[in-house]
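S.K.: The structure under discussion is supplied below as structure tokens; questions concerning it will follow.
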Amino acid sequence: MVREWDPRTASSAEIASLLDTLNAVLAADLPQDPPWRETSMREYLAEVMPGERRISWVAQAEPAADGSPGAILGHVHVLLLGDIGVLEVLVHPAERRTGLGRDLVLTAARRVYQEGFQSIGVEVVGDTPAVAFYESLGFSKEYVETRSVLDLSGVDWAELSEMATGIGAGYHLEFHPGGPPDELIETYARAKAEVRDVEDGELRPSSYDPQRLRDSLDCLHRRGMKPYIVLALHEQTGEVAGLTEVVVPVQHPTRADQYDTIVVQDHRGYGIDRAIKARMLMELRSAEAELTEVQTWNAQANEAMLKVNAELGYRPDREWCEYSIDVAELVHRLDAGR
Ligand SMILES: CC(C)(COP(=O)(O)OP(=O)(O)OC[C@H]1O[C@@H](n2cnc3c(N)ncnc32)[C@H](O)[C@@H]1OP(=O)(O)O)[C@@H](O)C(=O)NCCC(=O)NCCS
């Protein structure tokens with residue numbers, strides 16, 4: 001039975017059951033990824049940025065003979081932002097290939113269509129059943145990134161410490177756990193705006209105006225995702241010349257997520273990329289006792305960044321693709337196939 005589901009009011013048993021399904025999916029599809037924990041799981045599912053909406057549905061097994069609620073076997077949510085609905089679908093490995101995934105997509109797609117949105121996008125992890133699934137539904141591949149993972153136990157910390165100080169004269173680095181201080185928000189947002197073109201086409205919009213940046217940081221905190229920032233400041237102007245952002249989610253604190261790393265055009269060629277990333281790893285090592293890995297996503301064409309990541313010890317892991325489809329076409333196709 002598929003029904004609309006609100007994580008804000010769902011029972012704790014349902015949240016726990018969804019988490020079990022998520023961890024079964026990870027064990028089947030991404031066995032090297034750490035399992036998720038229950039901490040702040042409700043907030044992770046419920047909290048969104050101002051102006052965005054997330055609508056969720058679950059597929060739940062029938063109640064047991066003693067009346068206790070059935071397990072959550074599948075889940076779909078769609079995040080409505082701009083003119084696109086971003087979809088995430090999970091089906092428990094024991095329940096796959098029965099048409100449940102398709103039913104969940106159709107339920108969400110109908111709503112996205114009713115809400116007047118044009119297209120649906122989805123992140124698809126390479127080498128998992130999701131690739132054949134979305135291709136069978138008519139989605140097309142728009143964009144491919146490579147996910148790389150750094151195992152901190154293999155890091156040469158002495159070498160890293162040298163990298164962190166190997167920055168041109170006239171710059172200094174600052175570490176800001178929790179996010180950039182408010183007095184630097186404007187210049188921080190300007191640095192992010194510079195790469196706006198590069199990031200166009202990605203599903204997750206970057207925050208390049210100061211208020212959106214504050215909102216985005218607040219939203220991360222509410223979802224249990226702790227941001228850490230290292231900045232390179234240009235001493236003469238006080239401008240942010242480079243920044244790197246890492247988030248440590250309480251749901252999987254052994255593996256952190258690298259978000260944006262940006263070196264502003266005028267400040268390239270001074271070793272900033274290498275230095276800010278090296279400094280970040282050193283800070284994380286002392287700030288996050290449980291952390292063992294960091295994962296990052298890069299466009300395959302971004303050779304400069306891939307080179308620095310390789311020097312730091314990142315190893316390519318998987319393709320991470322963005323697929324999309326016109327909503328009306330998807331609804332039509334799925335309805336026709338029923
Ligand atoms: C992708 C996923 C949702 C598919 O769910 P499902 O219930 O098995 O999908 P369906 O039964 O509706 O399959 C519909 C069609 O997709 C295609 N398909 C799905 N899985 C496939 C597979 N493993 N191999 C080939 N084709 C597949 C088939 O064409 C299938 O139709 P068919 O069974 O009549 O041949 C499920 O595998 C899943 O939850 N994956 C994890 C997704 C995810 O986001 N993971 C993130 C962390 S890894």
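Here's how to read the names in the structure tokens: chain A, B, ... by the order shown, residue numbers from 1 in each chain, ligand numbers from 1 in the order shown.
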Can you list, as an MDAnalysis selection string, every residue of range 146-309 of chain A that DSSP puts in alpha helix (DSSP H)?
M.R.: chainID A and resid 157:165 185:194 196:199 210:222 272:287 303:309
S.K.: Each residue of chain A with at least one atom at most 10 Å from ligand 1 should appear once, together with its nearest atom pair and the corresponding distance in Å (one decimal); atoms considered: only C-alpha atoms and all ligand atoms; ordering: chain, then increasing residue number; output as a Markdown table.
M.R.:
```
| residue | atom | partner | partner_atom_place_in_ligand_line | distance |
| --- | --- | --- | --- | --- |
| A:Thr21 | CA | ligand 1 | 39 (O) | 9.1 |
| A:Leu22 | CA | ligand 1 | 47 (C) | 7.5 |
| A:Asn23 | CA | ligand 1 | 47 (C) | 8.9 |
| A:Ala24 | CA | ligand 1 | 39 (O) | 9.6 |
| A:Val25 | CA | ligand 1 | 41 (C) | 5.8 |
| A:Leu26 | CA | ligand 1 | 48 (S) | 5.2 |
| A:Ala27 | CA | ligand 1 | 48 (S) | 8.5 |
| A:Ala28 | CA | ligand 1 | 48 (S) | 7.9 |
| A:Asp29 | CA | ligand 1 | 48 (S) | 5.1 |
| A:Leu30 | CA | ligand 1 | 48 (S) | 5.5 |
| A:Pro31 | CA | ligand 1 | 48 (S) | 8.9 |
| A:Asp33 | CA | ligand 1 | 48 (S) | 8.9 |
| A:Leu73 | CA | ligand 1 | 39 (O) | 9.6 |
| A:Gly74 | CA | ligand 1 | 39 (O) | 7.4 |
| A:His75 | CA | ligand 1 | 39 (O) | 8.4 |
| A:Val76 | CA | ligand 1 | 3 (C) | 8.8 |
| A:Leu87 | CA | ligand 1 | 44 (O) | 9.1 |
| A:Glu88 | CA | ligand 1 | 44 (O) | 5.9 |
| A:Val89 | CA | ligand 1 | 3 (C) | 5.2 |
| A:Leu90 | CA | ligand 1 | 39 (O) | 3.5 |
| A:Val91 | CA | ligand 1 | 39 (O) | 3.6 |
| A:His92 | CA | ligand 1 | 39 (O) | 6.1 |
| A:Pro93 | CA | ligand 1 | 37 (O) | 6.8 |
| A:Ala94 | CA | ligand 1 | 8 (O) | 9.0 |
| A:Glu95 | CA | ligand 1 | 7 (O) | 6.5 |
| A:Arg96 | CA | ligand 1 | 8 (O) | 3.4 |
| A:Arg97 | CA | ligand 1 | 11 (O) | 3.1 |
| A:Thr98 | CA | ligand 1 | 11 (O) | 4.2 |
| A:Gly99 | CA | ligand 1 | 12 (O) | 3.3 |
| A:Leu100 | CA | ligand 1 | 7 (O) | 4.1 |
| A:Gly101 | CA | ligand 1 | 7 (O) | 3.4 |
| A:Arg102 | CA | ligand 1 | 12 (O) | 3.7 |
| A:Asp103 | CA | ligand 1 | 12 (O) | 6.5 |
| A:Leu104 | CA | ligand 1 | 12 (O) | 8.1 |
| A:Val105 | CA | ligand 1 | 12 (O) | 8.4 |
| A:Leu106 | CA | ligand 1 | 12 (O) | 9.9 |
| A:Val122 | CA | ligand 1 | 44 (O) | 8.7 |
| A:Glu123 | CA | ligand 1 | 44 (O) | 7.5 |
| A:Val124 | CA | ligand 1 | 44 (O) | 6.6 |
| A:Val125 | CA | ligand 1 | 48 (S) | 6.3 |
| A:Gly126 | CA | ligand 1 | 48 (S) | 9.1 |
| A:Asp127 | CA | ligand 1 | 48 (S) | 9.5 |
| A:Thr128 | CA | ligand 1 | 48 (S) | 7.0 |
| A:Pro129 | CA | ligand 1 | 23 (N) | 4.0 |
| A:Ala130 | CA | ligand 1 | 1 (C) | 3.6 |
| A:Val131 | CA | ligand 1 | 1 (C) | 7.2 |
| A:Ala132 | CA | ligand 1 | 26 (N) | 4.5 |
| A:Phe133 | CA | ligand 1 | 16 (O) | 3.5 |
| A:Tyr134 | CA | ligand 1 | 16 (O) | 6.7 |
| A:Glu135 | CA | ligand 1 | 17 (C) | 7.6 |
| A:Ser136 | CA | ligand 1 | 29 (O) | 4.9 |
| A:Leu137 | CA | ligand 1 | 16 (O) | 6.9 |
```
S.K.: To one decimal in Å, tell me the separation between CA of Ser148 in chain A and CA of Pro249 in chain A.
M.R.: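 Value for the CA of Ser148 in chain A-CA of Pro249 in chain A distance: 17.6 Å.
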S.K.: Counting only C-alpha atoms, what is within 7 Å of Pro7 in chain A, bar same-chain residues fewer than 4 positions away, as an MDAnalysis selection string?
M.R.: chainID A and resid 42 45:46
S.K.: Write out, as a PDB file, in the first residue's frame, the residues just selected, with C-alpha atoms.
M.R.:
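Everything below was put into selection_26.pdb:
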```
ATOM      1  CA  ARG A  42      13.331  12.661  11.296  1.00  0.00           C
ATOM      2  CA  LEU A  45      13.746  13.793   6.197  1.00  0.00           C
ATOM      3  CA  ALA A  46      11.539  16.718   7.205  1.00  0.00           C
TER       4      ALA A  46
END
```
S.K.: What is the CA of Asp266 in chain A-CA of Ile167 in chain A distance in Å, reported with one decimal?
M.R.: 14.7 Å
S.K.: Please return, as a list in words, all residues of range 200-257 of chain A that DSSP assigns to strand (DSSP E or B) on the basis of the backbone.
M.R.: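 Secondary structure check on range 200-257 of chain A, strand (DSSP E or B): Met225, Lys226, Pro227, Tyr228, Ile229, Val230, Leu231, Ala232, Leu233, His234, Val240, Ala241, Gly242, Leu243, Thr244, Glu245, Val246, Val247, Val248, Pro249, Arg255, Ala256 and Asp257 of chain A.
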S.K.: Report, in Å to a single decimal, how far apart CA of Val78 in chain A and CA of His221 in chain A are.
M.R.: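 Here the two named atoms are 20.9 Å from each other.
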S.K.: Excluding Gly269 in chain A and its own-chain neighbours fewer than 4 positions away, which residues fall within 10 Å of it when counting only C-alpha atoms? Please give them as JSON, numbers by chain.
M.R.: {"A": [167, 168, 263, 265, 273]}
S.K.: With all heavy atoms kept, could you save the residues just selected as a PDB file, in the first residue's frame?
M.R.:
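Result written to part-v7.pdb:
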```pdb
ATOM      1  N   ILE A 167      51.117  28.113   0.635  1.00  0.00           N
ATOM      2  CA  ILE A 167      50.213  29.055  -0.036  1.00  0.00           C
ATOM      3  C   ILE A 167      50.978  30.347  -0.318  1.00  0.00           C
ATOM      4  O   ILE A 167      51.873  30.711   0.445  1.00  0.00           O
ATOM      5  CB  ILE A 167      48.974  29.288   0.867  1.00  0.00           C
ATOM      6  CG1 ILE A 167      47.911  30.127   0.161  1.00  0.00           C
ATOM      7  CG2 ILE A 167      49.334  29.911   2.191  1.00  0.00           C
ATOM      8  CD1 ILE A 167      46.599  30.168   0.914  1.00  0.00           C
ATOM      9  N   GLY A 168      50.644  31.009  -1.441  1.00  0.00           N
ATOM     10  CA  GLY A 168      51.351  32.231  -1.842  1.00  0.00           C
ATOM     11  C   GLY A 168      51.286  33.327  -0.769  1.00  0.00           C
ATOM     12  O   GLY A 168      50.365  33.345   0.054  1.00  0.00           O
ATOM     13  N   VAL A 263      38.125  28.304  -5.934  1.00  0.00           N
ATOM     14  CA  VAL A 263      39.184  29.316  -5.898  1.00  0.00           C
ATOM     15  C   VAL A 263      38.770  30.381  -6.920  1.00  0.00           C
ATOM     16  O   VAL A 263      38.558  30.063  -8.103  1.00  0.00           O
ATOM     17  CB  VAL A 263      40.572  28.724  -6.225  1.00  0.00           C
ATOM     18  CG1 VAL A 263      41.630  29.831  -6.186  1.00  0.00           C
ATOM     19  CG2 VAL A 263      40.937  27.618  -5.243  1.00  0.00           C
ATOM     20  N   GLN A 265      38.701  33.146  -9.623  1.00  0.00           N
ATOM     21  CA  GLN A 265      39.542  33.243 -10.825  1.00  0.00           C
ATOM     22  C   GLN A 265      40.841  34.044 -10.624  1.00  0.00           C
ATOM     23  O   GLN A 265      41.925  33.577 -10.949  1.00  0.00           O
ATOM     24  CB  GLN A 265      38.702  33.883 -11.942  1.00  0.00           C
ATOM     25  CG  GLN A 265      39.296  33.756 -13.323  1.00  0.00           C
ATOM     26  CD  GLN A 265      39.203  32.328 -13.865  1.00  0.00           C
ATOM     27  OE1 GLN A 265      38.203  31.649 -13.676  1.00  0.00           O
ATOM     28  NE2 GLN A 265      40.273  31.868 -14.492  1.00  0.00           N
ATOM     29  N   ASP A 273      43.920  25.912  -3.605  1.00  0.00           N
ATOM     30  CA  ASP A 273      43.079  24.705  -3.620  1.00  0.00           C
ATOM     31  C   ASP A 273      43.679  23.626  -2.716  1.00  0.00           C
ATOM     32  O   ASP A 273      43.031  23.085  -1.811  1.00  0.00           O
ATOM     33  CB  ASP A 273      42.962  24.213  -5.077  1.00  0.00           C
ATOM     34  CG  ASP A 273      42.029  23.028  -5.240  1.00  0.00           C
ATOM     35  OD1 ASP A 273      41.377  22.644  -4.257  1.00  0.00           O
ATOM     36  OD2 ASP A 273      41.951  22.476  -6.353  1.00  0.00           O
TER      37      ASP A 273
END
```
S.K.: Please, which residues in range 243-310 of chain A fall within 12 Å of range 182-196 of chain A when counting only C-alpha atoms, and what is the closest atom pair and distance in Å to one decimal for each, ordered by chain then residue number, as a Markdown table?
M.R.:
```
| residue | atom | partner | partner_atom | distance |
| --- | --- | --- | --- | --- |
| A:Leu243 | CA | A:Tyr188 | CA | 7.9 |
| A:Thr244 | CA | A:Lys192 | CA | 10.4 |
| A:Glu245 | CA | A:Lys192 | CA | 11.2 |
| A:Tyr259 | CA | A:Lys192 | CA | 11.7 |
| A:Asp260 | CA | A:Lys192 | CA | 8.4 |
| A:Thr261 | CA | A:Lys192 | CA | 9.0 |
| A:Ile262 | CA | A:Lys192 | CA | 7.0 |
| A:Val263 | CA | A:Ala191 | CA | 7.7 |
| A:Val264 | CA | A:Ala191 | CA | 6.0 |
| A:Gln265 | CA | A:Glu194 | CA | 8.0 |
| A:Asp266 | CA | A:Glu194 | CA | 10.7 |
| A:His267 | CA | A:Ala191 | CA | 10.8 |
```
S.K.: Create the file for the chosen residues now, containing N, CA and C atoms and written as a short mmCIF file (atom, residue, chain, number, x, y, z; two decimals), in the first residue's frame.
M.R.:
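To be explicit, this is the file written out as out21.cif:
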```
data_model
loop_
_atom_site.label_atom_id
_atom_site.label_comp_id
_atom_site.auth_asym_id
_atom_site.auth_seq_id
_atom_site.Cartn_x
_atom_site.Cartn_y
_atom_site.Cartn_z
N LEU A 243 37.57 28.86 -0.93
CA LEU A 243 36.81 28.27 0.17
C LEU A 243 36.64 26.78 -0.08
N THR A 244 36.57 26.04 1.02
CA THR A 244 36.19 24.64 0.89
C THR A 244 35.23 24.29 2.02
N GLU A 245 34.22 23.49 1.68
CA GLU A 245 33.14 23.17 2.63
C GLU A 245 33.04 21.66 2.79
N TYR A 259 31.56 19.35 0.09
CA TYR A 259 30.66 20.15 -0.74
C TYR A 259 31.52 21.01 -1.68
N ASP A 260 31.19 22.30 -1.82
CA ASP A 260 31.94 23.12 -2.79
C ASP A 260 33.39 23.37 -2.38
N THR A 261 34.26 23.39 -3.36
CA THR A 261 35.59 23.98 -3.21
C THR A 261 35.74 24.96 -4.35
N ILE A 262 36.06 26.21 -4.01
CA ILE A 262 36.13 27.25 -5.04
C ILE A 262 37.39 28.08 -4.84
N VAL A 263 38.12 28.30 -5.93
CA VAL A 263 39.18 29.32 -5.90
C VAL A 263 38.77 30.38 -6.92
N VAL A 264 38.62 31.60 -6.45
CA VAL A 264 38.16 32.70 -7.30
C VAL A 264 39.21 32.92 -8.41
N GLN A 265 38.70 33.15 -9.62
CA GLN A 265 39.54 33.24 -10.83
C GLN A 265 40.84 34.04 -10.62
N ASP A 266 40.73 35.25 -10.06
CA ASP A 266 41.92 36.13 -9.92
C ASP A 266 42.96 35.56 -8.96
N HIS A 267 42.57 34.57 -8.19
CA HIS A 267 43.47 34.07 -7.16
C HIS A 267 43.95 32.64 -7.46
#
```
